[in-house]
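Student: Next up, model34.cif (mmCIF, C-alpha atoms (C1' of nucleotides)).
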```cif
data_input
#
loop_
_atom_site.label_atom_id
_atom_site.label_comp_id
_atom_site.auth_asym_id
_atom_site.auth_seq_id
_atom_site.Cartn_x
_atom_site.Cartn_y
_atom_site.Cartn_z
CA MET A 1 32.51 -25.52 -4.54
CA ALA A 2 31.15 -27.04 -1.45
CA ARG A 3 30.68 -27.32 2.19
CA THR A 4 33.60 -27.60 4.63
CA LYS A 5 33.95 -30.04 7.47
CA ASP A 6 32.04 -29.26 10.62
CA PHE A 7 34.91 -30.44 12.78
CA ASN A 8 38.62 -29.93 13.05
CA GLU A 9 40.25 -33.02 11.65
CA GLU A 10 43.33 -32.88 13.85
CA GLU A 11 41.35 -32.10 16.94
CA VAL A 12 39.19 -35.14 16.42
CA LEU A 13 42.26 -37.22 15.71
CA ASN A 14 43.58 -36.21 19.10
CA LYS A 15 40.38 -37.49 20.67
CA ALA A 16 40.74 -40.79 18.86
CA LEU A 17 44.32 -40.99 20.05
CA ALA A 18 43.20 -40.46 23.62
CA ILE A 19 40.68 -43.30 23.37
CA PHE A 20 43.06 -45.76 21.71
CA TRP A 21 45.70 -44.80 24.23
CA GLN A 22 43.48 -45.64 27.13
CA LYS A 23 41.77 -48.75 25.82
CA GLY A 24 44.09 -50.18 23.19
CA TYR A 25 43.27 -51.18 19.64
CA ASN A 26 41.24 -54.30 20.30
CA GLY A 27 39.67 -52.79 23.38
CA THR A 28 38.26 -49.86 21.43
CA SER A 29 35.09 -50.32 19.39
CA MET A 30 33.81 -48.09 16.64
CA GLN A 31 30.92 -47.33 18.96
CA ASP A 32 33.38 -46.04 21.57
CA LEU A 33 34.89 -43.80 18.91
CA VAL A 34 31.55 -42.50 17.66
CA GLU A 35 30.61 -41.54 21.19
CA GLY A 36 34.02 -40.12 22.05
CA LEU A 37 34.77 -38.19 18.89
CA GLY A 38 31.53 -36.29 18.73
CA ILE A 39 31.10 -36.87 15.02
CA SER A 40 28.96 -39.32 13.18
CA ARG A 41 29.88 -42.77 11.99
CA SER A 42 29.89 -41.79 8.35
CA SER A 43 32.01 -38.71 8.95
CA MET A 44 34.47 -40.95 10.68
CA TYR A 45 34.70 -43.35 7.78
CA ASP A 46 34.75 -40.54 5.23
CA THR A 47 37.62 -38.82 6.96
CA TYR A 48 39.71 -41.64 8.41
CA THR A 49 38.90 -44.60 6.12
CA ASP A 50 38.47 -47.31 8.76
CA LYS A 51 39.36 -48.32 12.29
CA TYR A 52 42.81 -49.61 11.47
CA THR A 53 43.79 -46.53 9.48
CA LEU A 54 42.51 -44.28 12.23
CA PHE A 55 44.59 -46.19 14.72
CA VAL A 56 47.76 -45.89 12.67
CA LYS A 57 47.11 -42.18 12.18
CA SER A 58 46.64 -41.79 15.91
CA LEU A 59 49.89 -43.59 16.57
CA GLU A 60 51.78 -41.45 14.08
CA ARG A 61 50.31 -38.34 15.57
CA TYR A 62 51.37 -39.41 19.04
CA ARG A 63 54.83 -40.12 17.81
CA GLN A 64 55.20 -36.83 16.06
CA GLN A 65 53.95 -34.88 19.11
CA THR A 66 55.99 -36.60 21.78
CA ALA A 67 59.14 -37.07 19.72
CA ALA A 68 59.10 -33.42 18.71
CA GLU A 69 58.73 -32.37 22.31
CA MET A 70 61.53 -34.66 23.41
CA LEU A 71 63.95 -33.53 20.71
CA GLN A 72 63.17 -29.97 21.68
CA MET A 73 64.00 -30.66 25.31
CA ILE A 74 67.24 -32.40 24.51
CA LYS A 75 68.61 -30.12 21.80
CA HIS A 76 68.19 -26.95 23.79
CA ALA A 77 69.77 -28.37 26.89
CA ALA A 78 72.77 -26.78 28.48
CA SER A 79 73.16 -29.75 30.80
CA PRO A 80 72.29 -33.15 29.28
CA LYS A 81 72.32 -34.79 32.67
CA ALA A 82 69.85 -32.29 34.06
CA ILE A 83 67.59 -32.85 31.07
CA ILE A 84 67.66 -36.61 31.53
CA LYS A 85 66.78 -36.11 35.15
CA GLU A 86 63.96 -33.81 34.15
CA ILE A 87 62.62 -36.29 31.63
CA PHE A 88 62.52 -38.97 34.29
CA GLN A 89 60.65 -36.59 36.55
CA THR A 90 58.17 -35.85 33.80
CA VAL A 91 57.56 -39.55 33.25
CA ILE A 92 57.02 -40.10 36.96
CA HIS A 93 54.70 -37.14 37.17
CA GLU A 94 52.60 -38.35 34.25
CA SER A 95 52.50 -41.85 35.69
CA LEU A 96 51.24 -40.58 39.02
CA PHE A 97 48.78 -37.92 38.05
CA ASP A 98 46.89 -39.35 35.16
CA LYS A 99 43.40 -40.17 36.28
CA MET A 100 43.45 -43.24 34.11
CA PRO A 101 46.82 -44.98 34.01
CA ARG A 102 47.49 -44.53 30.32
CA GLY A 103 51.20 -45.25 30.41
CA CYS A 104 52.81 -44.63 27.05
CA PHE A 105 50.81 -45.14 23.87
CA MET A 106 53.90 -46.44 22.09
CA VAL A 107 54.67 -48.97 24.80
CA ASN A 108 51.05 -50.07 25.00
CA THR A 109 50.94 -50.52 21.25
CA CYS A 110 54.31 -52.22 21.15
CA VAL A 111 52.98 -54.83 23.54
CA GLU A 112 49.49 -55.23 22.13
CA THR A 113 49.78 -54.77 18.38
CA ALA A 114 53.39 -54.69 17.17
CA PRO A 115 53.85 -58.48 17.21
CA HIS A 116 50.89 -58.95 14.88
CA ASP A 117 51.27 -56.01 12.53
CA GLU A 118 54.32 -55.02 10.54
CA VAL A 119 53.21 -51.46 9.87
CA VAL A 120 52.71 -50.78 13.55
CA ALA A 121 55.93 -52.59 14.47
CA LYS A 122 57.81 -50.34 12.07
CA ILE A 123 56.43 -47.19 13.66
CA VAL A 124 57.33 -48.43 17.13
CA GLN A 125 60.86 -49.34 16.04
CA ASP A 126 61.39 -46.03 14.28
CA ASN A 127 60.21 -44.23 17.37
CA ILE A 128 62.71 -46.09 19.52
CA LYS A 129 65.46 -45.26 17.04
CA ASP A 130 64.67 -41.57 17.27
CA TYR A 131 64.75 -41.64 21.04
CA GLU A 132 67.94 -43.62 21.05
CA ALA A 133 69.60 -41.12 18.71
CA ALA A 134 68.48 -38.20 20.84
CA PHE A 135 69.66 -39.72 24.10
CA TYR A 136 72.87 -40.85 22.47
CA GLU A 137 73.74 -37.32 21.46
CA ALA A 138 72.80 -35.97 24.85
CA ILE A 139 74.89 -38.52 26.70
CA LYS A 140 77.89 -38.04 24.46
CA LYS A 141 77.67 -34.35 25.13
CA GLY A 142 77.34 -35.01 28.84
CA GLN A 143 80.38 -37.24 28.76
CA ALA A 144 82.35 -34.62 26.90
CA LEU A 145 81.33 -32.10 29.52
CA GLY A 146 82.41 -34.49 32.23
CA GLU A 147 79.01 -34.61 33.94
CA ILE A 148 78.32 -38.18 32.79
CA SER A 149 80.74 -41.00 33.48
CA ASN A 150 82.54 -42.88 30.73
CA ARG A 151 82.16 -46.18 32.57
CA ASN A 152 79.49 -47.21 30.07
CA ASP A 153 79.46 -46.10 26.45
CA ALA A 154 76.91 -43.60 25.28
CA ARG A 155 74.86 -46.03 23.20
CA ALA A 156 74.49 -48.50 26.03
CA LEU A 157 73.42 -45.71 28.38
CA ALA A 158 70.94 -44.37 25.85
CA ARG A 159 69.37 -47.78 25.42
CA SER A 160 69.35 -48.29 29.14
CA ILE A 161 67.54 -45.03 29.74
CA ILE A 162 64.90 -45.83 27.16
CA ASN A 163 64.46 -49.24 28.71
CA THR A 164 64.05 -47.70 32.13
CA ILE A 165 61.39 -45.33 30.85
CA ASN A 166 59.54 -48.13 29.10
CA GLY A 167 59.59 -50.15 32.29
CA ILE A 168 58.16 -47.25 34.26
CA ARG A 169 55.43 -46.86 31.68
CA VAL A 170 54.52 -50.50 32.15
CA ALA A 171 54.45 -50.09 35.91
CA ALA A 172 52.17 -47.09 35.48
CA ARG A 173 49.54 -49.30 33.85
CA SER A 174 49.09 -51.25 37.06
CA GLY A 175 49.36 -48.17 39.24
CA ALA A 176 52.71 -48.35 41.03
CA ASP A 177 53.42 -45.74 43.69
CA LYS A 178 55.93 -42.92 43.87
CA THR A 179 58.48 -44.75 46.01
CA VAL A 180 58.86 -47.38 43.30
CA TYR A 181 59.40 -44.83 40.55
CA ASP A 182 61.82 -42.87 42.71
CA ASP A 183 63.88 -45.97 43.44
CA ILE A 184 64.05 -46.91 39.79
CA VAL A 185 65.11 -43.46 38.72
CA LYS A 186 67.63 -43.20 41.52
CA VAL A 187 69.41 -46.31 40.30
CA ALA A 188 69.11 -45.27 36.68
CA LEU A 189 70.71 -41.92 37.42
CA SER A 190 73.46 -43.50 39.46
CA ALA A 191 74.54 -45.27 36.27
CA LEU A 192 75.45 -41.85 34.90
CA ASP A 193 77.81 -41.00 37.76
CA MET B 1 29.65 -92.56 39.67
CA ALA B 2 30.37 -91.26 36.23
CA ARG B 3 32.53 -90.54 33.32
CA THR B 4 35.87 -88.75 33.63
CA LYS B 5 37.16 -85.92 31.47
CA ASP B 6 38.69 -86.87 28.16
CA PHE B 7 41.43 -84.28 28.58
CA ASN B 8 43.91 -83.20 31.19
CA GLU B 9 42.57 -80.00 32.69
CA GLU B 10 45.97 -78.50 33.48
CA GLU B 11 47.41 -79.45 30.15
CA VAL B 12 44.62 -77.68 28.32
CA LEU B 13 44.99 -74.70 30.62
CA ASN B 14 48.60 -74.47 29.52
CA LYS B 15 47.46 -74.33 25.93
CA ALA B 16 45.02 -71.55 26.74
CA LEU B 17 47.80 -69.70 28.51
CA ALA B 18 49.99 -70.00 25.42
CA ILE B 19 47.27 -68.52 23.23
CA PHE B 20 46.41 -65.65 25.57
CA TRP B 21 50.10 -65.00 26.01
CA GLN B 22 50.63 -64.60 22.30
CA LYS B 23 47.47 -62.75 21.32
CA GLY B 24 46.31 -61.00 24.46
CA TYR B 25 42.87 -61.08 26.03
CA ASN B 26 40.96 -58.99 23.53
CA GLY B 27 42.92 -60.42 20.65
CA THR B 28 41.88 -63.96 21.49
CA SER B 29 38.46 -65.19 20.42
CA MET B 30 36.62 -68.20 21.77
CA GLN B 31 36.98 -69.63 18.27
CA ASP B 32 40.77 -69.34 18.59
CA LEU B 33 40.57 -71.20 21.87
CA VAL B 34 38.32 -73.95 20.56
CA GLU B 35 40.74 -74.56 17.71
CA GLY B 36 43.84 -74.30 19.88
CA LEU B 37 42.75 -76.30 22.92
CA GLY B 38 41.54 -79.34 21.03
CA ILE B 39 38.37 -79.64 23.09
CA SER B 40 34.84 -78.62 22.26
CA ARG B 41 33.14 -75.37 23.05
CA SER B 42 30.90 -76.91 25.68
CA SER B 43 33.75 -78.71 27.41
CA MET B 44 35.50 -75.39 27.59
CA TYR B 45 32.55 -73.65 29.20
CA ASP B 46 31.82 -76.62 31.47
CA THR B 47 35.39 -76.67 32.75
CA TYR B 48 36.48 -73.04 32.74
CA THR B 49 33.19 -71.14 33.09
CA ASP B 50 33.81 -68.41 30.50
CA LYS B 51 36.48 -66.53 28.62
CA TYR B 52 37.30 -64.15 31.42
CA THR B 53 37.60 -66.87 34.05
CA LEU B 54 39.78 -68.92 31.73
CA PHE B 55 42.00 -65.91 31.23
CA VAL B 56 42.39 -65.28 34.93
CA LYS B 57 43.15 -68.96 35.52
CA SER B 58 45.77 -68.82 32.76
CA LEU B 59 47.34 -65.77 34.34
CA GLU B 60 47.43 -67.37 37.77
CA ARG B 61 48.94 -70.51 36.32
CA TYR B 62 51.62 -68.48 34.59
CA ARG B 63 52.38 -66.68 37.77
CA GLN B 64 52.62 -69.80 39.84
CA GLN B 65 54.90 -71.48 37.30
CA THR B 66 57.32 -68.63 36.67
CA ALA B 67 57.40 -67.33 40.24
CA ALA B 68 58.10 -70.81 41.56
CA GLU B 69 60.94 -71.22 39.12
CA MET B 70 62.39 -67.84 39.98
CA LEU B 71 62.22 -68.36 43.74
CA GLN B 72 63.90 -71.68 43.23
CA MET B 73 66.74 -70.08 41.30
CA ILE B 74 67.26 -67.36 43.86
CA LYS B 75 66.98 -69.35 47.06
CA HIS B 76 69.46 -72.01 46.02
CA ALA B 77 72.02 -69.51 44.88
CA ALA B 78 75.49 -69.43 46.33
CA SER B 79 76.18 -66.18 44.50
CA PRO B 80 73.25 -63.76 44.22
CA LYS B 81 75.06 -61.64 41.70
CA ALA B 82 75.70 -64.61 39.45
CA ILE B 83 72.04 -65.59 39.68
CA ILE B 84 70.89 -62.12 38.72
CA LYS B 85 73.26 -62.24 35.77
CA GLU B 86 71.88 -65.62 34.84
CA ILE B 87 68.30 -64.40 35.04
CA PHE B 88 69.11 -61.55 32.70
CA GLN B 89 70.67 -64.00 30.29
CA THR B 90 67.59 -66.17 30.44
CA VAL B 91 65.36 -63.21 29.67
CA ILE B 92 67.54 -62.25 26.72
CA HIS B 93 67.60 -65.80 25.45
CA GLU B 94 63.82 -66.10 25.62
CA SER B 95 63.42 -62.73 23.94
CA LEU B 96 65.63 -63.75 21.06
CA PHE B 97 64.65 -67.32 20.42
CA ASP B 98 60.89 -67.34 20.69
CA LYS B 99 59.43 -67.83 17.25
CA MET B 100 56.66 -65.43 18.11
CA PRO B 101 57.75 -62.53 20.32
CA ARG B 102 55.62 -63.36 23.31
CA GLY B 103 57.48 -61.21 25.81
CA CYS B 104 56.17 -61.74 29.33
CA PHE B 105 52.55 -62.69 29.87
CA MET B 106 52.45 -60.61 33.05
CA VAL B 107 53.83 -57.52 31.34
CA ASN B 108 51.52 -57.95 28.36
CA THR B 109 48.56 -58.31 30.68
CA CYS B 110 49.67 -55.43 32.86
CA VAL B 111 49.63 -53.19 29.83
CA GLU B 112 46.49 -54.49 28.17
CA THR B 113 44.12 -55.49 30.94
CA ALA B 114 45.28 -54.32 34.37
CA PRO B 115 44.03 -50.73 33.95
CA HIS B 116 40.50 -51.95 33.27
CA ASP B 117 40.19 -54.85 35.66
CA GLU B 118 40.86 -54.88 39.38
CA VAL B 119 41.17 -58.64 39.68
CA VAL B 120 43.83 -58.77 37.00
CA ALA B 121 45.57 -55.70 38.40
CA LYS B 122 45.77 -57.39 41.79
CA ILE B 123 47.44 -60.47 40.31
CA VAL B 124 49.95 -58.35 38.45
CA GLN B 125 50.75 -56.32 41.56
CA ASP B 126 51.09 -59.40 43.74
CA ASN B 127 53.40 -60.90 41.18
CA ILE B 128 55.63 -57.85 41.24
CA LYS B 129 55.66 -57.93 45.02
CA ASP B 130 56.88 -61.52 45.00
CA TYR B 131 59.64 -60.73 42.58
CA GLU B 132 60.63 -57.67 44.51
CA ALA B 133 60.84 -59.67 47.72
CA ALA B 134 62.95 -62.35 46.08
CA PHE B 135 65.37 -59.90 44.51
CA TYR B 136 65.50 -57.89 47.69
CA GLU B 137 66.68 -60.89 49.68
CA ALA B 138 69.17 -61.86 47.00
CA ILE B 139 70.65 -58.39 46.83
CA LYS B 140 70.86 -58.03 50.58
CA LYS B 141 72.72 -61.30 50.67
CA GLY B 142 74.96 -60.14 47.86
CA GLN B 143 75.71 -56.93 49.70
CA ALA B 144 76.49 -58.86 52.88
CA LEU B 145 78.84 -61.03 50.88
CA GLY B 146 80.44 -57.93 49.40
CA GLU B 147 79.77 -58.88 45.79
CA ILE B 148 77.14 -56.17 45.36
CA SER B 149 77.84 -52.53 46.13
CA ASN B 150 76.05 -50.63 48.92
CA ARG B 151 75.83 -47.49 46.81
CA ASN B 152 72.16 -48.12 46.29
CA ASP B 153 69.95 -49.78 48.88
CA ALA B 154 68.70 -53.29 48.26
CA ARG B 155 65.08 -52.33 47.68
CA ALA B 156 65.92 -49.73 45.06
CA LEU B 157 68.16 -52.20 43.27
CA ALA B 158 65.49 -54.90 43.38
CA ARG B 159 62.93 -52.56 41.87
CA SER B 160 65.41 -51.40 39.29
CA ILE B 161 66.16 -54.95 38.20
CA ILE B 162 62.48 -55.78 37.83
CA ASN B 163 62.00 -52.61 35.85
CA THR B 164 64.87 -53.51 33.57
CA ILE B 165 63.42 -56.96 32.94
CA ASN B 166 60.00 -55.52 32.22
CA GLY B 167 61.55 -53.09 29.77
CA ILE B 168 63.33 -55.90 27.96
CA ARG B 169 60.10 -57.81 27.78
CA VAL B 170 58.48 -54.83 26.10
CA ALA B 171 61.33 -54.53 23.63
CA ALA B 172 60.97 -58.22 22.85
CA ARG B 173 57.42 -57.58 21.58
CA SER B 174 58.71 -55.42 18.77
CA GLY B 175 61.71 -57.66 18.11
CA ALA B 176 64.79 -55.83 19.33
CA ASP B 177 68.16 -57.36 18.59
CA LYS B 178 70.82 -58.85 20.82
CA THR B 179 73.05 -55.78 20.95
CA VAL B 180 70.24 -53.78 22.52
CA TYR B 181 69.57 -56.38 25.19
CA ASP B 182 73.25 -56.74 25.91
CA ASP B 183 73.70 -53.01 26.33
CA ILE B 184 70.76 -52.77 28.68
CA VAL B 185 71.95 -55.65 30.81
CA LYS B 186 75.50 -54.34 30.85
CA VAL B 187 74.35 -51.05 32.35
CA ALA B 188 71.96 -52.80 34.74
CA LEU B 189 74.73 -55.01 36.03
CA SER B 190 77.11 -52.10 36.40
CA ALA B 191 74.69 -50.66 38.95
CA LEU B 192 75.56 -53.61 41.18
CA ASP B 193 79.29 -52.89 41.17
"C1'" DA C 1 19.65 -16.43 -4.63
"C1'" DA C 2 20.31 -20.84 -6.88
"C1'" DA C 3 22.92 -24.67 -7.85
"C1'" DT C 4 26.03 -27.98 -6.50
"C1'" DT C 5 28.85 -30.37 -3.63
"C1'" DT C 6 29.80 -32.55 0.62
"C1'" DC C 7 28.86 -33.43 5.22
"C1'" DT C 8 25.62 -35.47 8.64
"C1'" DG C 9 22.76 -38.73 11.31
"C1'" DG C 10 20.66 -42.92 11.57
"C1'" DA C 11 19.13 -47.11 9.74
"C1'" DA C 12 20.71 -51.44 7.95
"C1'" DC C 13 24.06 -54.95 6.57
"C1'" DG C 14 26.78 -59.29 7.06
"C1'" DA C 15 30.15 -61.31 9.88
"C1'" DA C 16 32.01 -62.55 14.15
"C1'" DA C 17 31.76 -62.16 18.96
"C1'" DG C 18 30.60 -64.83 23.51
"C1'" DT C 19 27.40 -67.95 25.32
"C1'" DT C 20 23.74 -71.56 25.79
"C1'" DC C 21 21.37 -75.69 24.75
"C1'" DC C 22 20.48 -80.46 23.49
"C1'" DG C 23 20.74 -85.15 21.80
"C1'" DA C 24 24.00 -88.72 21.68
"C1'" DA C 25 27.98 -91.08 23.21
"C1'" DA C 26 31.02 -92.66 26.81
"C1'" DA C 27 32.58 -94.43 31.10
"C1'" DG C 28 32.33 -95.29 36.02
"C1'" DA C 29 29.25 -97.73 39.93
"C1'" DG C 30 26.32 -101.31 41.53
"C1'" DC D 1 25.30 -106.03 32.18
"C1'" DT D 2 22.63 -102.17 33.26
"C1'" DC D 3 21.94 -97.76 35.13
"C1'" DT D 4 23.27 -93.23 35.88
"C1'" DT D 5 26.02 -89.40 35.50
"C1'" DT D 6 28.87 -86.45 32.93
"C1'" DT D 7 31.29 -85.27 28.84
"C1'" DC D 8 31.15 -84.31 24.06
"C1'" DG D 9 30.23 -82.12 19.44
"C1'" DG D 10 27.71 -79.08 16.96
"C1'" DA D 11 23.83 -76.36 16.07
"C1'" DA D 12 21.65 -72.18 17.48
"C1'" DC D 13 20.95 -67.87 19.98
"C1'" DT D 14 21.74 -62.99 21.16
"C1'" DT D 15 24.66 -59.26 21.03
"C1'" DT D 16 28.15 -56.61 19.27
"C1'" DC D 17 31.49 -55.96 15.85
"C1'" DG D 18 33.15 -53.10 11.71
"C1'" DT D 19 31.26 -51.23 7.69
"C1'" DT D 20 28.04 -49.39 4.10
"C1'" DC D 21 24.25 -46.88 2.42
"C1'" DC D 22 20.85 -43.32 1.87
"C1'" DA D 23 18.05 -39.28 2.27
"C1'" DG D 24 18.18 -34.78 3.98
"C1'" DA D 25 20.59 -30.69 5.67
"C1'" DA D 26 24.20 -27.32 5.25
"C1'" DA D 27 27.53 -24.37 3.25
"C1'" DT D 28 30.39 -22.50 -0.50
"C1'" DT D 29 30.62 -20.71 -5.33
"C1'" DT D 30 28.79 -18.60 -9.32
#
```
Go ahead and express the file in the form of structure tokens.
Tutor:
Amino acid sequence: MARTKDFNEEEVLNKALAIFWQKGYNGTSMQDLVEGLGISRSSMYDTYTDKYTLFVKSLERYRQQTAAEMLQMIKHAASPKAIIKEIFQTVIHESLFDKMPRGCFMVNTCVETAPHDEVVAKIVQDNIKDYEAAFYEAIKKGQALGEISNRNDARALARSIINTINGIRVAARSGADKTVYDDIVKVALSALD
Amino acid sequence: MARTKDFNEEEVLNKALAIFWQKGYNGTSMQDLVEGLGISRSSMYDTYTDKYTLFVKSLERYRQQTAAEMLQMIKHAASPKAIIKEIFQTVIHESLFDKMPRGCFMVNTCVETAPHDEVVAKIVQDNIKDYEAAFYEAIKKGQALGEISNRNDARALARSIINTINGIRVAARSGADKTVYDDIVKVALSALD
DNA sequence: AAATTTCTGGAACGAAAGTTCCGAAAAGAG
DNA sequence: CTCTTTTCGGAACTTTCGTTCCAGAAATTT
């Protein structure tokens, strides 16, 4: 019966995500979004309700994208240890070669917004759970294969790895250098031997 | 020749620090500060210039307080390994028993503000340097004493420990539970054996 | 091709942001 | 005790915030 949207809803959501990711929730104004999204104020409100809703949608989108990618990497891995190593390398690479040090949107949001918002806290916690489950499976498999030591149990190692990654993502926000990341990963990997 | 301040400047600065710590820079309004500090708007501006300056002063105060405490703990330690263990326990305890999950003011600020402000970024980086230096000395001493393994070099271990602590401080912001912290610390400590 | 629906851009809104200003009160110095 | 300096509280200012509204343009359906 009527006209269709002039813009791709998901595409624009990705742009919003990028802005929130870089500047945080409180650091992003609707004006920033209007200028960054390339659509008008009213289209924004019509499509995404309000700032808060747009933020939550951005966060969920981020989660779905990155978690999907991660699960993919881990499930189809012949060698869990190699995959863990590769994930660390990916994190380092992203931390070093982003023009703006964006870190991890989940970590940024966990620090900025989670303590003051239950909905956001839930998303962050669920995200961590997913990662923990994925790493847990990978490590168990690695231990069964004998390429990961049994010195620490799989759950503890999974949590430790996630913690290491989160720490790196914090360091990325203040622009640490490669030697720091390499040292951290070196020690983290040595816990698997 | 004249009147003295009705309030203790450092005491009020501590209150400002507490507010910024909990709510972040962008999440804190001047109204919040007026209500929380117990002094008037004009006294605030007279004494601390403006919001940004007050924030930086709060951050520097935090740094000076916590870094001093940490250096104290490490220098006067007979057993570096025991001190590192104790520091982890302190971090866990703070993460669990804060009414509001404040995490670490430095980590929070690193994530929220450091990417957009050179002055703040410098403080955060300097802070990390101090911690790294302290842990480095402690670990070297521990390795000389034979209570810490030489498998990884002292600098890598120091960086790894800081990273672990930062990660825990992130987790604290979304309210992780004790078993998670314990697992993380268990693995971190096993890297010293 | 006309009718109808929905998007679009920009103006406009009230509320809250950070900051400044000023008269009055308070407390040292002489 | 008086003078002078500085603090104090609150009103007031400008800007920016998030949000709403409206008239006109655009596109699909009949």
Student: Write out, as JSON lines, each residue of chain D that has an atom at most 8 Å from chain B, together with the closest pair of atoms and their distance in Å to one decimal, counting all atoms listed in the file, rows going by chain and rising number.
Tutor:
```
{"residue": "D:DT4", "atom": "C1'", "partner": "B:Ala2", "partner_atom": "CA", "distance": 7.4}
{"residue": "D:DT5", "atom": "C1'", "partner": "B:Ala2", "partner_atom": "CA", "distance": 4.8}
{"residue": "D:DT6", "atom": "C1'", "partner": "B:Arg3", "partner_atom": "CA", "distance": 5.5}
{"residue": "D:DT7", "atom": "C1'", "partner": "B:Lys5", "partner_atom": "CA", "distance": 6.5}
{"residue": "D:DC8", "atom": "C1'", "partner": "B:Ser40", "partner_atom": "CA", "distance": 7.0}
{"residue": "D:DG9", "atom": "C1'", "partner": "B:Ser40", "partner_atom": "CA", "distance": 6.4}
```
Student: Which one is closest to chain A: C:DG9, C:DG18, C:DG30, C:DG23? Count all atoms listed in the file.
Tutor: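 Residue with the minimum atom-to-atom distance to chain A: C:DG9.
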Student: Residues of chain B were defined as contacting chain A if any atom lay at most 6 Å from it, counting only C-alpha atoms; please report them as a list in words.
Tutor: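 Every residue of chain B that passes the 6 Å test is in Asn26, Asn108, Cys110, Val111, Ala114, Pro115, Ala121, Ala156, Ser160, Asn163, Asn166, Gly167, Arg173, Ser174, Asp183 and Ile184 of chain B.
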Student: Applied to the shown file, which residues does the PyMOL selection byres ((chain A and resi 75) around 12) return, written as an MDAnalysis selection string?
Tutor: chainID A and resid 67:74 76:80 83:84 133:139 141
Student: Tell me which residues come within 12 Å of (25.1, -58.7, 21.9), as a count of residues only, counting all atoms listed in the file in the file's coordinates.
Tutor: 9
Student: Pull out every residue that the PyMOL selection byres ((chain C) within 6 of (chain B)) matches in the shown coordinates and put them as a ChimeraX atom specification.
Tutor: /C:27-29
Student: List, as a list of chain:residue names, every residue that the PyMOL selection byres ((chain A and resi 9-15) around 9) selects in the file provided.
Tutor: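 Expected selection for the PyMOL selection byres ((chain A and resi 9-15) around 9) here is A:Lys5, A:Phe7, A:Asn8, A:Ala16, A:Leu17, A:Ala18, A:Ile19, A:Phe20, A:Leu33, A:Gly36, A:Leu37, A:Gly38, A:Ile39, A:Thr47, A:Tyr48, A:Leu54, A:Lys57, A:Ser58, A:Arg61, A:Tyr62.
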Student: Dump as an MDAnalysis selection string all residues having an atom at most 10 Å from (21.3, -76.7, 25.4), computed in the file's coordinates with all atoms listed in the file.
Tutor: (chainID B and resid 42) or (chainID C and resid 20:23) or (chainID D and resid 11:12)
Student: Taking N, CA and C atoms as the atom set, what does stretch 113-124 of chain A look like once completed, written as a tab-separated table (two decimals), keeping the file's coordinate frame?
Tutor:
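After the write, rebuild00.tsv holds the following:
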```tsv
chain	number	residue	atom	x	y	z
A	113	THR	N	50.00	-54.67	19.82
A	113	THR	CA	49.78	-54.77	18.38
A	113	THR	C	51.03	-55.06	17.55
A	114	ALA	N	52.17	-54.55	17.98
A	114	ALA	CA	53.39	-54.69	17.17
A	114	ALA	C	53.68	-56.13	16.74
A	115	PRO	N	53.50	-57.12	17.63
A	115	PRO	CA	53.85	-58.48	17.21
A	115	PRO	C	52.97	-59.02	16.08
A	116	HIS	N	51.82	-58.41	15.87
A	116	HIS	CA	50.89	-58.95	14.88
A	116	HIS	C	50.72	-58.05	13.67
A	117	ASP	N	51.47	-56.97	13.61
A	117	ASP	CA	51.27	-56.01	12.53
A	117	ASP	C	52.57	-55.31	12.17
A	118	GLU	N	53.02	-55.55	10.97
A	118	GLU	CA	54.32	-55.02	10.54
A	118	GLU	C	54.35	-53.49	10.47
A	119	VAL	N	53.27	-52.91	9.99
A	119	VAL	CA	53.21	-51.46	9.87
A	119	VAL	C	53.38	-50.81	11.24
A	120	VAL	N	52.63	-51.31	12.19
A	120	VAL	CA	52.71	-50.78	13.55
A	120	VAL	C	54.08	-51.05	14.15
A	121	ALA	N	54.61	-52.25	13.94
A	121	ALA	CA	55.93	-52.59	14.47
A	121	ALA	C	56.98	-51.61	13.95
A	122	LYS	N	56.86	-51.28	12.68
A	122	LYS	CA	57.81	-50.34	12.07
A	122	LYS	C	57.76	-48.98	12.77
A	123	ILE	N	56.57	-48.49	12.99
A	123	ILE	CA	56.43	-47.19	13.66
A	123	ILE	C	57.07	-47.23	15.05
A	124	VAL	N	56.79	-48.29	15.77
A	124	VAL	CA	57.33	-48.43	17.13
A	124	VAL	C	58.86	-48.47	17.08
```
